[in-house]
Amino acid sequence: MPVSTVSKPYRIGRSKTGLGLFATQPIKKGVKIIQYFGPLLDSKNEKHDAIENKYLFQISKRWTVDGSIRKNVARYINHSCKPNAESDVNAEKKKIIIRSIKKIEPGEEINYDYGTEYFKEYLKPIGCKCESCEAKRKKKRAKLRAEKIKAKEKAERKEQKKADKAKRKKDKAKAKKADAKKALKTAPKAAKKAKVAKKGKAVSKKTVSKKTVGKKAKAGKAKSKKA
């Protein structure tokens with residue numbers, strides 16, 4: 001259940017990455033929100049130097065704040081690559097203040113940039129889950145999906161073009177085969193027709209010859225009668 005912090009402009013609530021700190025009222029830009037605190041660890045102390053957890057906040061080369069204690073509500077503030085707050089470190093006073101860098105609306109999660117070292121060690125191996133990185137990944141996934149669809153459509157068009165070409169080739173070959181078959185079928189008829197035409201021509205020639213001979217014979221007969 002979300003925990004309410006009385007008289008404070010924030011509450012502990014459920015976030016995408018576990019628990020987080022959320023604004024309960026409008027927070028203006030440049031306002032001190034909360035202090036990040038805990039036992040001070042001295043790097044020159046072997047026992048202190050051996051302590052390891054993800055809530056260690058380095059102030060200087062020597063001093064580090066161990067923010068793992070439950071009273072340190074600031075430890076619930078999550079990382080963001082595009083934050084709405086920042087950590088204001090005072091090395092002399094050994095104090096860490098989380099301050100807003102833009103207006104934060106009620107219900108909005110408070111976050112700040114944990115820094116390059118923390119990012120590389122803890123967040124990069126598992127993938128940063130802040131809203132900015134999630135949006136980038138979503139955009140990238142959408143782009144990859146669009147490219148995949150585009151490539152698929154291109155391949156389909158190519159295949160269709162190939163299929164159409166093969167069909168045209170097949171239809172052409174089929175038409176050629178049909179023409180050859182038709183020609184083969186009509187060839188005997190044409191030959192027969194030609195033969196009949198040739199025969200008719202020969203008969204006609206013979207008839208003409210007979211008529212000519214008859215005329216000549218008739219003429220000869222008339223000549224002999226005259227004589």
# chains A, B, ... in the order shown; residues from 1 in each chain; ligands from 1
>>> closest_atom_pairs(of="segment 70-187 of chain A", to="segment 14-29 of chain A", cutoff="9 Å", atoms="only C-alpha atoms", output="JSON lines")
{"residue": "A:Val73", "atom": "CA", "partner": "A:Leu21", "partner_atom": "CA", "distance": 8.1}
{"residue": "A:Ala74", "atom": "CA", "partner": "A:Leu21", "partner_atom": "CA", "distance": 7.7}
{"residue": "A:Arg75", "atom": "CA", "partner": "A:Gly20", "partner_atom": "CA", "distance": 8.7}
{"residue": "A:Tyr76", "atom": "CA", "partner": "A:Gly20", "partner_atom": "CA", "distance": 4.9}
{"residue": "A:Ile77", "atom": "CA", "partner": "A:Leu21", "partner_atom": "CA", "distance": 5.2}
{"residue": "A:Asn78", "atom": "CA", "partner": "A:Gly20", "partner_atom": "CA", "distance": 6.0}
{"residue": "A:Asn84", "atom": "CA", "partner": "A:Lys29", "partner_atom": "CA", "distance": 8.8}
{"residue": "A:Ala85", "atom": "CA", "partner": "A:Lys29", "partner_atom": "CA", "distance": 8.7}
{"residue": "A:Arg99", "atom": "CA", "partner": "A:Lys29", "partner_atom": "CA", "distance": 8.2}
{"residue": "A:Ser100", "atom": "CA", "partner": "A:Lys29", "partner_atom": "CA", "distance": 5.3}
{"residue": "A:Ile101", "atom": "CA", "partner": "A:Lys29", "partner_atom": "CA", "distance": 5.1}
{"residue": "A:Lys102", "atom": "CA", "partner": "A:Lys29", "partner_atom": "CA", "distance": 4.3}
{"residue": "A:Lys103", "atom": "CA", "partner": "A:Lys28", "partner_atom": "CA", "distance": 4.7}
{"residue": "A:Ile104", "atom": "CA", "partner": "A:Ile27", "partner_atom": "CA", "distance": 5.0}
{"residue": "A:Glu105", "atom": "CA", "partner": "A:Pro26", "partner_atom": "CA", "distance": 4.8}
{"residue": "A:Pro106", "atom": "CA", "partner": "A:Gln25", "partner_atom": "CA", "distance": 4.5}
{"residue": "A:Gly107", "atom": "CA", "partner": "A:Ala23", "partner_atom": "CA", "distance": 5.3}
{"residue": "A:Glu108", "atom": "CA", "partner": "A:Phe22", "partner_atom": "CA", "distance": 5.6}
{"residue": "A:Glu109", "atom": "CA", "partner": "A:Phe22", "partner_atom": "CA", "distance": 4.3}
{"residue": "A:Ile110", "atom": "CA", "partner": "A:Phe22", "partner_atom": "CA", "distance": 5.5}
{"residue": "A:Asn111", "atom": "CA", "partner": "A:Leu21", "partner_atom": "CA", "distance": 7.8}
{"residue": "A:Lys129", "atom": "CA", "partner": "A:Thr17", "partner_atom": "CA", "distance": 7.0}
{"residue": "A:Cys130", "atom": "CA", "partner": "A:Thr17", "partner_atom": "CA", "distance": 8.3}
>>> write_last_selection(atoms="N, CA and C atoms", output="PDB file, in the first residue's frame")
ATOM      1  N   VAL A  73      13.566   8.307   3.368  1.00  0.00           N
ATOM      2  CA  VAL A  73      12.496   8.182   2.358  1.00  0.00           C
ATOM      3  C   VAL A  73      13.013   8.540   0.954  1.00  0.00           C
ATOM      4  N   ALA A  74      14.050   9.352   0.896  1.00  0.00           N
ATOM      5  CA  ALA A  74      14.613   9.780  -0.394  1.00  0.00           C
ATOM      6  C   ALA A  74      15.174   8.607  -1.196  1.00  0.00           C
ATOM      7  N   ARG A  75      15.446   7.485  -0.515  1.00  0.00           N
ATOM      8  CA  ARG A  75      16.002   6.316  -1.217  1.00  0.00           C
ATOM      9  C   ARG A  75      14.992   5.708  -2.191  1.00  0.00           C
ATOM     10  N   TYR A  76      13.700   6.082  -2.021  1.00  0.00           N
ATOM     11  CA  TYR A  76      12.665   5.555  -2.916  1.00  0.00           C
ATOM     12  C   TYR A  76      12.584   6.323  -4.245  1.00  0.00           C
ATOM     13  N   ILE A  77      13.308   7.442  -4.314  1.00  0.00           N
ATOM     14  CA  ILE A  77      13.294   8.210  -5.572  1.00  0.00           C
ATOM     15  C   ILE A  77      14.053   7.429  -6.645  1.00  0.00           C
ATOM     16  N   ASN A  78      13.384   7.194  -7.741  1.00  0.00           N
ATOM     17  CA  ASN A  78      13.981   6.412  -8.830  1.00  0.00           C
ATOM     18  C   ASN A  78      14.767   7.275  -9.814  1.00  0.00           C
ATOM     19  N   ASN A  84      12.956  15.239 -13.263  1.00  0.00           N
ATOM     20  CA  ASN A  84      12.294  16.501 -12.891  1.00  0.00           C
ATOM     21  C   ASN A  84      12.904  17.071 -11.608  1.00  0.00           C
ATOM     22  N   ALA A  85      13.950  16.378 -11.123  1.00  0.00           N
ATOM     23  CA  ALA A  85      14.672  16.838  -9.924  1.00  0.00           C
ATOM     24  C   ALA A  85      16.157  16.530 -10.087  1.00  0.00           C
ATOM     25  N   ARG A  99      16.390  18.475  -5.120  1.00  0.00           N
ATOM     26  CA  ARG A  99      15.703  19.716  -5.473  1.00  0.00           C
ATOM     27  C   ARG A  99      15.009  19.585  -6.835  1.00  0.00           C
ATOM     28  N   SER A 100      13.845  20.218  -6.979  1.00  0.00           N
ATOM     29  CA  SER A 100      13.116  20.151  -8.254  1.00  0.00           C
ATOM     30  C   SER A 100      13.784  21.049  -9.299  1.00  0.00           C
ATOM     31  N   ILE A 101      13.827  20.579 -10.545  1.00  0.00           N
ATOM     32  CA  ILE A 101      14.418  21.392 -11.628  1.00  0.00           C
ATOM     33  C   ILE A 101      13.338  21.821 -12.621  1.00  0.00           C
ATOM     34  N   LYS A 102      12.106  21.413 -12.354  1.00  0.00           N
ATOM     35  CA  LYS A 102      10.951  21.844 -13.140  1.00  0.00           C
ATOM     36  C   LYS A 102       9.701  21.663 -12.281  1.00  0.00           C
ATOM     37  N   LYS A 103       8.603  22.210 -12.722  1.00  0.00           N
ATOM     38  CA  LYS A 103       7.361  22.083 -11.958  1.00  0.00           C
ATOM     39  C   LYS A 103       6.890  20.630 -11.988  1.00  0.00           C
ATOM     40  N   ILE A 104       6.541  20.115 -10.800  1.00  0.00           N
ATOM     41  CA  ILE A 104       6.071  18.733 -10.685  1.00  0.00           C
ATOM     42  C   ILE A 104       4.609  18.749 -10.248  1.00  0.00           C
ATOM     43  N   GLU A 105       3.775  18.084 -11.028  1.00  0.00           N
ATOM     44  CA  GLU A 105       2.340  18.068 -10.751  1.00  0.00           C
ATOM     45  C   GLU A 105       1.977  16.955  -9.757  1.00  0.00           C
ATOM     46  N   PRO A 106       0.857  17.107  -9.024  1.00  0.00           N
ATOM     47  CA  PRO A 106       0.413  16.059  -8.089  1.00  0.00           C
ATOM     48  C   PRO A 106       0.199  14.732  -8.826  1.00  0.00           C
ATOM     49  N   GLY A 107       0.689  13.650  -8.228  1.00  0.00           N
ATOM     50  CA  GLY A 107       0.570  12.326  -8.847  1.00  0.00           C
ATOM     51  C   GLY A 107       1.751  11.964  -9.723  1.00  0.00           C
ATOM     52  N   GLU A 108       2.581  12.967 -10.065  1.00  0.00           N
ATOM     53  CA  GLU A 108       3.759  12.729 -10.906  1.00  0.00           C
ATOM     54  C   GLU A 108       4.888  12.149 -10.054  1.00  0.00           C
ATOM     55  N   GLU A 109       5.612  11.181 -10.627  1.00  0.00           N
ATOM     56  CA  GLU A 109       6.715  10.561  -9.883  1.00  0.00           C
ATOM     57  C   GLU A 109       7.919  11.499  -9.857  1.00  0.00           C
ATOM     58  N   ILE A 110       8.543  11.610  -8.700  1.00  0.00           N
ATOM     59  CA  ILE A 110       9.750  12.437  -8.535  1.00  0.00           C
ATOM     60  C   ILE A 110      10.948  11.562  -8.894  1.00  0.00           C
ATOM     61  N   ASN A 111      11.860  12.100  -9.694  1.00  0.00           N
ATOM     62  CA  ASN A 111      13.036  11.326 -10.076  1.00  0.00           C
ATOM     63  C   ASN A 111      14.232  12.231 -10.369  1.00  0.00           C
ATOM     64  N   LYS A 129      14.696   1.497 -17.023  1.00  0.00           N
ATOM     65  CA  LYS A 129      13.229   1.427 -17.164  1.00  0.00           C
ATOM     66  C   LYS A 129      12.541   2.779 -16.936  1.00  0.00           C
ATOM     67  N   CYS A 130      13.298   3.855 -17.020  1.00  0.00           N
ATOM     68  CA  CYS A 130      12.667   5.166 -16.848  1.00  0.00           C
ATOM     69  C   CYS A 130      11.771   5.468 -18.055  1.00  0.00           C
TER      70      CYS A 130
END
>>> select_by_dssp(residues="segment 50-210 of chain A", states="strand (DSSP E or B)", output="ChimeraX atom specification")
/A:56-58,63-66,78-79,85-90,95-100,104,109-112
>>> closest_residue(among="A:Lys95, A:Lys139, A:His79, A:Lys44", to="Tyr122 of chain A", atoms="only C-alpha atoms")
A:His79
>>> select_by_dssp(residues="segment 21-78 of chain A", states="helix (DSSP H, G or I)", output="PyMOL selection string")
chain A and resi 46-50+73-76
>>> residues_around(residues="Leu56 of chain A", least_positions_apart="2", cutoff="8 Å", atoms="only C-alpha atoms", output="count of residues only")
9
>>> residues_around(residues="Lys82 of chain A", least_positions_apart="2", cutoff="8 Å", atoms="only C-alpha atoms", output="PyMOL selection string")
chain A and resi 80+84+112-113+132
>>> atom_distance(atom1="atom CA of Trp63 of chain A", atom2="atom CA of Asn45 of chain A")
10.4 Å
>>> atom_distance(atom1="atom CA of Glu92 of chain A", atom2="atom CA of Ser60 of chain A")
9.4 Å
>>> atom_distance(atom1="atom CA of Leu41 of chain A", atom2="atom CA of Gly127 of chain A")
29.0 Å
